[in-house]
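Text of the file input-v8.csv, holding CSV, C-alpha atoms:
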chain,number,residue,atom,x,y,z
Y,11,MET,CA,90.4,47.0,92.3
Y,12,ALA,CA,91.8,50.5,92.1
Y,13,LYS,CA,89.5,53.4,91.8
Y,14,GLN,CA,89.6,56.7,89.9
Y,15,THR,CA,87.1,59.3,91.1
Y,16,ILE,CA,86.3,62.3,88.9
Y,17,MET,CA,84.5,65.3,90.3
Y,18,ASP,CA,81.9,66.6,87.9
Y,19,HIS,CA,78.5,68.2,87.6
Y,20,SER,CA,76.8,64.9,88.5
Y,21,GLY,CA,78.5,64.7,91.9
Y,22,HIS,CA,81.3,62.5,90.8
Y,23,SER,CA,81.9,59.5,88.6
Y,24,VAL,CA,83.9,56.5,89.6
Y,25,HIS,CA,86.0,54.3,87.3
Y,26,GLU,CA,87.4,51.1,88.6
Y,27,PHE,CA,90.3,49.1,87.1
Y,28,ASP,CA,92.3,46.1,87.9
Y,29,PRO,CA,96.0,46.8,88.1
Y,30,ALA,CA,96.7,43.2,87.1
Y,31,ASP,CA,94.8,43.6,83.9
Y,32,LYS,CA,96.9,45.3,81.2
Y,33,LEU,CA,94.1,46.6,79.1
Y,34,SER,CA,92.1,48.2,81.9
Y,35,THR,CA,95.3,49.7,83.3
Y,36,GLU,CA,96.1,51.3,80.0
Y,37,GLN,CA,92.6,52.8,79.8
Y,38,ALA,CA,93.1,54.1,83.3
Y,39,GLU,CA,96.4,55.7,82.4
Y,40,ALA,CA,94.8,57.2,79.3
Y,41,ARG,CA,92.0,58.7,81.5
Y,42,PHE,CA,94.7,60.0,83.9
Y,43,GLN,CA,96.5,61.7,81.1
Y,44,GLU,CA,93.3,63.1,79.5
Y,45,PHE,CA,92.2,64.8,82.7
Y,46,LEU,CA,95.6,66.0,83.6
Y,47,GLY,CA,95.7,67.6,80.2
Y,48,LYS,CA,92.4,69.2,80.8
Y,49,GLY,CA,93.8,71.0,83.8
Y,50,PHE,CA,92.5,68.8,86.6
Y,51,THR,CA,94.6,68.3,89.7
Y,52,VAL,CA,95.2,64.7,90.4
Y,53,ALA,CA,95.6,63.5,94.0
Y,54,LYS,CA,96.2,59.9,95.1
Y,55,LYS,CA,95.3,58.6,98.5
Y,56,ALA,CA,98.2,57.4,100.6
Y,57,GLN,CA,98.2,54.7,103.2
Y,58,ASP,CA,97.6,57.2,106.0
Y,59,GLY,CA,94.4,58.3,104.3
Y,60,LYS,CA,95.7,61.7,103.1
Y,61,PHE,CA,95.7,62.8,99.5
Y,62,HIS,CA,98.9,63.8,97.8
Y,63,VAL,CA,99.0,65.6,94.5
Y,64,THR,CA,100.7,63.7,91.7
Y,65,LYS,CA,101.4,64.2,88.1
Y,66,THR,CA,102.4,60.7,87.2
Y,67,PHE,CA,100.2,57.7,86.9
Y,68,ASP,CA,100.6,55.1,89.6
Y,69,PRO,CA,98.7,51.9,88.9
Y,70,THR,CA,99.3,50.7,92.5
Y,71,ALA,CA,97.4,53.7,94.0
Y,72,GLU,CA,94.2,52.4,95.4
Y,73,GLU,CA,92.3,55.6,95.0
Y,74,THR,CA,92.9,58.6,92.8
Y,75,LEU,CA,90.9,61.7,92.8
Y,76,PHE,CA,90.5,64.2,89.9
Y,77,ILE,CA,89.7,67.7,90.9
Y,78,PRO,CA,88.8,70.4,88.4
Y,79,ARG,CA,90.6,73.6,88.2
Y,80,LEU,CA,90.0,76.1,91.0
Y,81,GLN,CA,88.3,79.4,90.7
Y,82,GLY,CA,87.4,82.2,93.2
Y,83,GLY,CA,83.8,81.8,94.3
N,18,MET,CA,50.6,86.8,82.7
N,19,LEU,CA,54.1,87.9,82.1
N,20,ASP,CA,55.4,84.8,83.9
N,21,ARG,CA,53.3,82.5,81.7
N,22,ARG,CA,54.5,84.1,78.5
N,23,ILE,CA,58.1,84.1,79.5
N,24,ARG,CA,57.8,80.4,80.5
N,25,ARG,CA,56.4,79.7,77.0
N,26,GLU,CA,59.3,81.6,75.4
N,27,ILE,CA,61.8,79.6,77.4
N,28,GLU,CA,60.3,76.3,76.3
N,29,THR,CA,60.2,77.5,72.7
N,30,ALA,CA,63.9,78.5,72.9
N,31,TYR,CA,64.8,75.2,74.5
N,32,ARG,CA,62.9,73.1,72.0
N,33,ARG,CA,64.4,75.1,69.1
N,34,HIS,CA,67.8,74.1,70.4
N,35,ILE,CA,66.7,70.5,70.7
N,36,ALA,CA,65.7,70.6,67.1
N,37,SER,CA,69.2,71.7,66.1
N,38,GLY,CA,70.5,68.3,67.2
N,39,GLU,CA,72.4,69.1,70.3
N,40,PRO,CA,72.5,66.3,72.9
N,41,LEU,CA,69.9,67.7,75.3
N,42,TYR,CA,67.6,66.3,77.8
N,43,ASP,CA,63.9,67.0,77.8
N,44,VAL,CA,62.4,69.7,80.1
N,45,ARG,CA,60.5,68.2,83.0
N,46,ASP,CA,59.3,71.5,84.5
N,47,ILE,CA,59.8,75.2,84.4
N,48,ARG,CA,58.9,77.3,87.4
N,49,ILE,CA,58.9,81.0,87.7
N,50,GLU,CA,58.5,82.7,91.0
N,51,ARG,CA,58.4,86.3,91.7
N,52,GLU,CA,59.7,87.6,95.0
N,53,LEU,CA,57.6,90.6,95.5
N,54,ASP,CA,59.5,92.1,98.4
N,55,ARG,CA,62.8,91.8,96.6
N,56,ARG,CA,61.5,92.5,93.1
N,57,ASP,CA,63.3,89.5,91.8
N,58,TYR,CA,62.3,86.8,89.5
N,59,ARG,CA,63.5,83.2,90.1
N,60,PHE,CA,63.4,80.9,87.1
N,61,SER,CA,64.0,77.2,87.5
N,62,ILE,CA,64.3,74.8,84.6
N,63,TYR,CA,64.2,71.1,85.6
N,64,LEU,CA,65.6,68.6,83.0
N,65,GLN,CA,64.7,64.9,82.8
N,66,ASN,CA,68.2,63.9,83.7
N,67,GLY,CA,67.8,65.4,87.2
N,68,LEU,CA,69.8,68.5,86.5
N,69,SER,CA,68.2,71.8,87.3
N,70,PHE,CA,69.1,75.3,86.3
N,71,HIS,CA,68.2,78.3,88.4
N,72,PHE,CA,68.4,81.9,87.5
N,73,ARG,CA,67.6,84.7,89.8
N,74,ILE,CA,67.2,88.0,88.0
N,75,SER,CA,66.2,91.3,89.4
N,76,GLU,CA,64.1,93.7,87.5
N,77,HIS,CA,67.2,95.8,87.2
N,78,GLU,CA,69.0,93.0,85.5
N,79,LEU,CA,66.1,92.4,83.3
N,80,GLY,CA,66.5,96.0,82.2
N,81,TYR,CA,70.1,95.2,81.3
N,82,ALA,CA,69.2,92.0,79.5
N,83,GLU,CA,66.8,94.0,77.5
N,84,GLU,CA,69.2,96.8,76.6
N,85,GLU,CA,71.8,94.3,75.6
N,86,LEU,CA,69.6,91.9,73.6
N,87,VAL,CA,66.4,93.6,72.5
N,88,LEU,CA,68.4,95.7,70.2
N,89,ARG,CA,68.7,92.7,68.0
N,90,HIS,CA,64.9,92.3,68.0
N,91,GLY,CA,63.6,95.8,67.6
N,92,VAL,CA,62.2,98.5,69.9
N,93,PRO,CA,62.9,97.8,73.6
N,94,PHE,CA,59.8,97.5,75.6
N,95,PHE,CA,60.4,100.2,78.1
N,96,ARG,CA,61.4,102.6,75.4
N,97,ALA,CA,58.2,101.8,73.4
N,98,ILE,CA,56.1,102.5,76.5
N,99,GLU,CA,58.0,105.7,77.2
N,100,ASP,CA,57.6,106.9,73.6
N,101,ALA,CA,53.9,106.2,73.7
N,102,VAL,CA,53.5,108.0,76.9
N,103,ARG,CA,55.6,110.9,75.8
N,104,ARG,CA,53.6,111.2,72.5
N,105,ARG,CA,50.3,111.2,74.4
N,106,PHE,CA,51.6,113.7,76.9
N,107,ILE,CA,52.8,116.1,74.2
N,108,ARG,CA,49.5,116.0,72.5
N,109,GLU,CA,47.7,116.6,75.8
N,110,VAL,CA,49.9,119.6,76.6
N,111,HIS,CA,49.7,121.0,73.1
N,112,PHE,CA,45.9,120.8,72.9
N,113,ARG,CA,45.2,121.2,76.6
N,114,THR,CA,41.7,122.6,76.6
N,115,ASP,CA,39.9,119.5,78.0
N,116,ILE,CA,42.2,116.8,79.5
N,117,ASN,CA,39.4,114.3,79.7
N,118,GLN,CA,38.5,114.6,76.1
N,119,PRO,CA,41.5,114.1,73.8
N,120,PHE,CA,42.0,116.3,70.8
N,121,PHE,CA,43.8,115.7,67.6
N,122,VAL,CA,44.6,117.7,64.5
N,123,ASP,CA,42.8,116.5,61.4
N,124,GLN,CA,44.1,116.5,57.9
N,125,SER,CA,42.8,120.0,57.2
N,126,GLY,CA,44.7,121.4,60.2
N,127,ASN,CA,41.7,122.0,62.4
N,128,ASP,CA,41.5,121.0,66.1
N,129,ARG,CA,38.5,118.9,67.0
N,130,HIS,CA,37.5,116.4,69.6
N,131,MET,CA,38.1,112.8,68.7
N,132,THR,CA,35.0,110.7,68.3
N,133,ALA,CA,34.5,107.7,70.6
N,134,THR,CA,35.4,105.4,67.6
N,135,GLU,CA,38.7,107.3,67.0
N,136,VAL,CA,39.6,107.1,70.7
N,137,ARG,CA,39.0,103.4,70.7
N,138,ALA,CA,41.0,103.0,67.5
N,139,ARG,CA,43.9,104.9,69.0
N,140,GLN,CA,43.8,102.9,72.2
N,141,GLN,CA,43.8,99.7,70.1
N,142,GLN,CA,46.8,101.0,68.1
N,143,MET,CA,48.7,101.7,71.2
N,144,TYR,CA,47.8,98.4,72.8
N,145,ASP,CA,49.0,96.6,69.7
N,146,ARG,CA,52.3,98.4,69.6
N,147,GLU,CA,52.9,97.7,73.3
N,148,ARG,CA,51.9,94.1,72.9
N,149,ASP,CA,54.4,93.6,70.0
N,150,ALA,CA,57.2,95.3,71.9
N,151,MET,CA,56.3,93.1,74.9
N,152,ARG,CA,56.6,90.0,72.8
N,153,ARG,CA,60.0,91.0,71.5
N,154,TYR,CA,61.1,91.8,75.0
N,155,GLU,CA,60.0,88.4,76.4
N,156,ARG,CA,61.8,86.6,73.6
N,157,ALA,CA,65.0,88.5,74.4
N,158,VAL,CA,64.7,87.8,78.1
N,159,ALA,CA,64.1,84.1,77.5
N,160,GLU,CA,67.1,84.0,75.2
N,161,ALA,CA,69.2,85.8,77.8
N,162,MET,CA,68.2,83.2,80.4
N,163,MET,CA,68.7,80.3,78.0
N,164,ARG,CA,72.2,81.4,77.1
N,165,PRO,CA,74.1,79.7,80.0
N,166,LEU,CA,71.9,76.6,79.5
N,167,MET,CA,72.8,76.5,75.8
N,168,HIS,CA,76.4,76.8,76.7
N,169,TYR,CA,76.1,73.8,79.0
N,170,CYS,CA,74.2,71.8,76.4
N,171,SER,CA,76.5,72.6,73.5
N,172,THR,CA,79.8,71.8,75.4
N,173,GLY,CA,78.6,69.1,77.7
N,174,ASP,CA,80.4,71.0,80.4
N,175,PHE,CA,79.5,74.1,82.2
N,176,LEU,CA,81.7,76.7,83.8
N,177,PRO,CA,79.9,78.6,86.6
N,178,GLY,CA,82.4,81.4,86.3
N,179,GLU,CA,81.3,82.2,82.8
N,180,VAL,CA,77.7,82.8,83.5
N,181,GLY,CA,77.9,86.0,85.4
N,182,ASN,CA,74.8,86.6,87.5
N,183,TYR,CA,73.2,83.3,86.8
N,184,TYR,CA,73.5,80.4,89.1
N,185,ILE,CA,73.5,77.0,87.3
N,186,GLY,CA,73.3,73.5,88.7
N,187,ALA,CA,71.4,73.9,91.9
N,188,PRO,CA,71.7,70.9,94.2
N,189,ALA,CA,69.8,67.9,93.0
N,190,GLU,CA,69.4,65.7,96.0
N,191,ASN,CA,71.2,62.7,94.6
N,192,ALA,CA,74.4,64.4,93.5
N,193,GLU,CA,74.4,66.4,96.7
N,194,ASN,CA,74.2,63.3,98.8
N,195,ARG,CA,76.8,61.5,96.9
N,196,SER,CA,79.2,64.4,97.2
N,197,MET,CA,78.7,64.5,101.0
N,198,GLU,CA,79.4,60.8,101.2
N,199,LEU,CA,82.6,61.3,99.2
N,200,LEU,CA,83.6,64.0,101.6
N,201,LEU,CA,83.0,62.0,104.7
N,202,GLU,CA,84.8,59.0,103.3
N,203,ASN,CA,87.9,61.1,102.9
N,204,LEU,CA,88.0,63.1,106.1
N,205,SER,CA,90.5,62.1,108.7
N,206,PRO,CA,88.9,60.6,111.9
N,207,LYS,CA,89.5,63.8,113.8
N,208,GLN,CA,88.0,65.9,111.0
N,209,ARG,CA,85.0,63.7,110.8
N,210,GLU,CA,84.5,63.9,114.5
N,211,GLN,CA,84.8,67.7,114.3
N,212,TYR,CA,82.3,67.8,111.4
N,213,GLU,CA,79.8,65.7,113.1
N,214,LYS,CA,80.0,67.7,116.3
N,215,TYR,CA,80.3,71.3,115.0
N,216,LYS,CA,79.5,71.1,111.3
N,217,TYR,CA,83.0,72.3,110.4
N,218,PHE,CA,86.4,70.7,110.3
N,219,LYS,CA,89.8,72.2,110.6
N,220,VAL,CA,92.6,72.0,108.0
N,221,LYS,CA,96.3,73.0,108.4
N,222,GLY,CA,97.7,74.9,105.4
N,223,GLU,CA,100.6,73.1,103.8
N,224,ARG,CA,102.6,76.2,103.1
N,225,THR,CA,102.0,78.6,105.9
N,226,GLY,CA,100.8,76.3,108.7
N,227,LYS,CA,97.8,78.5,109.2
N,228,THR,CA,94.6,76.8,110.4
N,229,TYR,CA,91.4,77.0,108.4
N,230,ALA,CA,87.9,75.9,109.3
N,231,ILE,CA,85.9,74.6,106.5
N,232,THR,CA,82.2,75.0,107.3
N,233,LYS,CA,79.3,73.3,105.4
N,234,GLY,CA,78.6,75.3,102.3
N,235,SER,CA,80.1,76.1,98.9
N,236,ALA,CA,80.6,79.8,99.0
N,237,TYR,CA,82.7,81.8,101.4
N,238,ASN,CA,82.7,78.8,103.7
N,239,VAL,CA,86.4,78.6,104.3
N,240,ILE,CA,87.3,80.6,107.4
N,241,GLU,CA,90.9,81.5,108.1
N,242,LEU,CA,91.6,81.5,111.8
N,243,ARG,CA,93.8,84.0,113.5
N,244,SER,CA,97.5,83.0,113.6
N,245,GLY,CA,99.4,85.8,115.4
N,246,TRP,CA,101.3,84.9,118.5
N,247,PHE,CA,99.1,87.2,120.5
N,248,ASP,CA,95.8,86.0,118.9
N,249,ASP,CA,93.4,83.5,120.2
N,250,LYS,CA,93.8,80.9,117.4
N,251,ARG,CA,90.3,79.7,117.7
N,252,LEU,CA,88.9,83.0,116.5
N,253,PRO,CA,88.1,83.8,112.8
N,254,LYS,CA,90.1,86.3,110.8
N,255,ARG,CA,88.4,86.3,107.3
N,256,ARG,CA,86.4,84.3,104.9
N,257,LEU,CA,87.7,82.8,101.7
N,258,CYS,CA,85.9,81.4,98.7
N,259,PHE,CA,87.3,79.1,96.1
N,260,GLN,CA,85.6,76.2,94.3
N,261,PRO,CA,86.4,73.6,91.6
N,262,ILE,CA,85.0,74.6,88.2
N,263,GLY,CA,82.2,72.4,87.1
N,264,ALA,CA,81.7,70.5,90.4
N,265,PRO,CA,79.2,72.6,92.3
N,266,TRP,CA,78.1,70.1,94.9
N,267,THR,CA,78.7,71.0,98.5
N,268,GLY,CA,80.7,67.8,99.5
N,269,ASP,CA,82.9,68.1,96.4
N,270,VAL,CA,83.6,71.7,97.0
N,271,MET,CA,84.5,71.1,100.7
N,272,LEU,CA,86.7,68.1,99.8
N,273,THR,CA,88.4,70.2,97.1
N,274,GLN,CA,89.0,73.0,99.6
N,275,LYS,CA,90.5,70.5,102.1
N,276,ILE,CA,92.8,68.9,99.6
N,277,ALA,CA,93.8,72.2,98.1
N,278,LEU,CA,94.8,73.7,101.5
N,279,GLU,CA,96.6,70.6,102.5
N,280,ASN,CA,98.5,70.3,99.2
N,281,PHE,CA,98.7,73.5,97.3
N,282,GLU,CA,97.7,76.2,99.7
N,283,ARG,CA,99.4,79.0,97.9
N,284,GLU,CA,97.6,78.5,94.6
N,285,ALA,CA,94.2,78.1,96.4
N,286,ILE,CA,94.7,81.3,98.3
N,287,ARG,CA,95.8,83.1,95.1
N,288,VAL,CA,92.5,82.4,93.3
N,289,ALA,CA,90.3,82.8,96.4
N,290,ASN,CA,88.0,85.7,96.9
N,291,ARG,CA,88.2,87.2,100.4
N,292,ALA,CA,85.6,88.7,102.7
N,293,SER,CA,85.9,90.1,106.2
N,294,MET,CA,83.9,88.5,109.0
N,295,GLU,CA,80.5,90.0,109.8
N,296,PRO,CA,80.6,91.8,113.2
N,297,HIS,CA,78.4,89.2,114.8
N,298,GLU,CA,80.7,86.4,113.7
N,299,GLN,CA,84.0,87.9,115.0
N,300,GLY,CA,83.6,86.4,118.4
N,301,ARG,CA,82.7,82.9,117.1
N,302,VAL,CA,85.0,80.4,118.7
N,303,PHE,CA,86.1,77.4,116.5
N,304,GLU,CA,86.9,74.6,119.0
N,305,ASP,CA,89.3,71.8,118.1

Whole structure, structure tokens version:
Amino acid sequence: MAKQTIMDHSGHSVHEFDPADKLSTEQAEARFQEFLGKGFTVAKKAQDGKFHVTKTFDPTAEETLFIPRLQGG
Amino acid sequence: MLDRRIRREIETAYRRHIASGEPLYDVRDIRIERELDRRDYRFSIYLQNGLSFHFRISEHELGYAEEELVLRHGVPFFRAIEDAVRRRFIREVHFRTDINQPFFVDQSGNDRHMTATEVRARQQQMYDRERDAMRRYERAVAEAMMRPLMHYCSTGDFLPGEVGNYYIGAPAENAENRSMELLLENLSPKQREQYEKYKYFKVKGERTGKTYAITKGSAYNVIELRSGWFDDKRLPKRRLCFQPIGAPWTGDVMLTQKIALENFEREAIRVANRASMEPHEQGRVFED
């Protein structure tokens, strides 16, 4: 199962989807586009454990993290 | 007394908003603490869904809130008091023959002592006027404090940057713990070791190659380390502060800072606020 983690006010919310399942993959892609459109930064976890920023949906990515826009604290 | 009444106003404002049909959670508790030494009020609103909202307002800021908002409701409290005092003072100066026994001018233009009944009536009148002004003041203050909460409730999302001096979304234990778990899951083995040992981990900037130490915290917790060839690169240079909007939990903030510095350092530094190190911190050594 692939995982999309979205940072929000509740800590974070996790959405899992099966890349082999067409419907859930489409939902995951829609979620990806939705948060990208909201200004979130999307980073996918590579094999070495590091996150790399991406702007295209990759159904094979095991873990994708959605980070809200930054502001000075 | 003031605390109890403001608390009631907050509840009323909140419940009024619930009645308007917004998707809200019920209030579990409202606490008001006064820090006597700092002359601050700290208001905490706890909702049933576990979220909590905290406002720290100084008396000075209460004055501002009043100036800004009471205008919509009538006479500002402080001004009402000042007016009352000034009026009384002018009378006393004008008819100063016996300060302990107030005078007034009757309808025929003669000065005479007020009777005990008249003194009591005037005191009651002043008391009523001050009480009314006080009520308006409390309502305005409650509304000022509810404004960020209403913003959150009406949009389903809150933006800490938009609420000025108020701090919203104080750590609820659950979300805080989950955010720290997420952070630890995503640190490299070396960073995790550093964090467990020193309560900070180091990150290399993607663009400049500078080293940053991210300490536990969510404000001014990123420390840029010295990078000059003649510098000891374990020593701090300055503090930086940047956070994700709407994700206030410590672990989330720290993970965001790590990913930002490792992936888009320039953008992160551009939005960050900067602060110099305190004198006592300047010699702090950040070991690898």

Exercise: Ala30 (chain Y) partners within 10 Å, only C-alpha atoms, chain neighbours under 6 positions left out, as a list of chain:residue names: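 Returned residues: Y:Met11, Y:Pro69, Y:Thr70.
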
Expected file contents, prior selection, C-alpha atoms, as a JSON list (two decimals), in the coordinates of the input:
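For reference, selection_38.json as written:
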[["chain", "number", "residue", "atom", "x", "y", "z"],
["Y", 11, "MET", "CA", 90.40, 47.00, 92.30],
["Y", 69, "PRO", "CA", 98.70, 51.90, 88.90],
["Y", 70, "THR", "CA", 99.30, 50.70, 92.50]]

Go through chain Y residue by residue and, counting only C-alpha atoms, keep those with an atom at most 9 Å from chain N; for each kept residue give the shortest atom pair and its distance in Å to one decimal, ordered by chain and increasing number, as a Markdown table.
| residue | atom | partner | partner_atom | distance |
| --- | --- | --- | --- | --- |
| Y:Met17 | CA | N:Ala264 | CA | 5.9 |
| Y:Asp18 | CA | N:Ala264 | CA | 4.6 |
| Y:His19 | CA | N:Ala264 | CA | 4.8 |
| Y:Ser20 | CA | N:Ala192 | CA | 5.6 |
| Y:Gly21 | CA | N:Ala192 | CA | 4.4 |
| Y:His22 | CA | N:Ser196 | CA | 7.0 |
| Y:Ala53 | CA | N:Ile276 | CA | 8.3 |
| Y:Lys55 | CA | N:Asn203 | CA | 9.0 |
| Y:Gly59 | CA | N:Ser205 | CA | 7.0 |
| Y:Lys60 | CA | N:Ser205 | CA | 7.7 |
| Y:Phe61 | CA | N:Ile276 | CA | 6.8 |
| Y:His62 | CA | N:Asn280 | CA | 6.7 |
| Y:Val63 | CA | N:Asn280 | CA | 6.7 |
| Y:Ile77 | CA | N:Pro261 | CA | 6.8 |
| Y:Pro78 | CA | N:Pro261 | CA | 5.1 |
| Y:Arg79 | CA | N:Pro261 | CA | 5.4 |
| Y:Leu80 | CA | N:Pro261 | CA | 4.4 |
| Y:Gln81 | CA | N:Phe259 | CA | 5.5 |
| Y:Gly82 | CA | N:Phe259 | CA | 4.2 |
| Y:Gly83 | CA | N:Phe259 | CA | 4.8 |

Give me a file of those residues, with C-alpha atoms, as a CSV table (one decimal), keeping the file's coordinate frame.
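See selection.csv below for the written result:
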chain,number,residue,atom,x,y,z
Y,17,MET,CA,84.5,65.3,90.3
Y,18,ASP,CA,81.9,66.6,87.9
Y,19,HIS,CA,78.5,68.2,87.6
Y,20,SER,CA,76.8,64.9,88.5
Y,21,GLY,CA,78.5,64.7,91.9
Y,22,HIS,CA,81.3,62.5,90.8
Y,53,ALA,CA,95.6,63.5,94.0
Y,55,LYS,CA,95.3,58.6,98.5
Y,59,GLY,CA,94.4,58.3,104.3
Y,60,LYS,CA,95.7,61.7,103.1
Y,61,PHE,CA,95.7,62.8,99.5
Y,62,HIS,CA,98.9,63.8,97.8
Y,63,VAL,CA,99.0,65.6,94.5
Y,77,ILE,CA,89.7,67.7,90.9
Y,78,PRO,CA,88.8,70.4,88.4
Y,79,ARG,CA,90.6,73.6,88.2
Y,80,LEU,CA,90.0,76.1,91.0
Y,81,GLN,CA,88.3,79.4,90.7
Y,82,GLY,CA,87.4,82.2,93.2
Y,83,GLY,CA,83.8,81.8,94.3

Selection: 9 Å around Ala56 (chain Y), all atoms listed in the file, excl. self and same-chain fewer than 6 positions, as a PyMOL selection string: chain Y and resi 62+71-73

Nearest to Ala38 (chain Y) by atom-to-atom distance, counting all atoms listed in the file, from Y:Glu26, Y:Thr66, Y:Phe76, Y:Asp58: Y:Glu26

d(CA of Glu213 (chain N), CA of Met271 (chain N)) in Å: 14.3 Å

Å distance separating CA of Gly222 (chain N) from CA of Arg301 (chain N), one decimal place: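 For CA of Gly222 (chain N) relative to CA of Arg301 (chain N), the distance reads 20.6 Å.
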
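Separating CA of Leu278 (chain N) from CA of Glu223 (chain N) is a distance of 6.3 Å.
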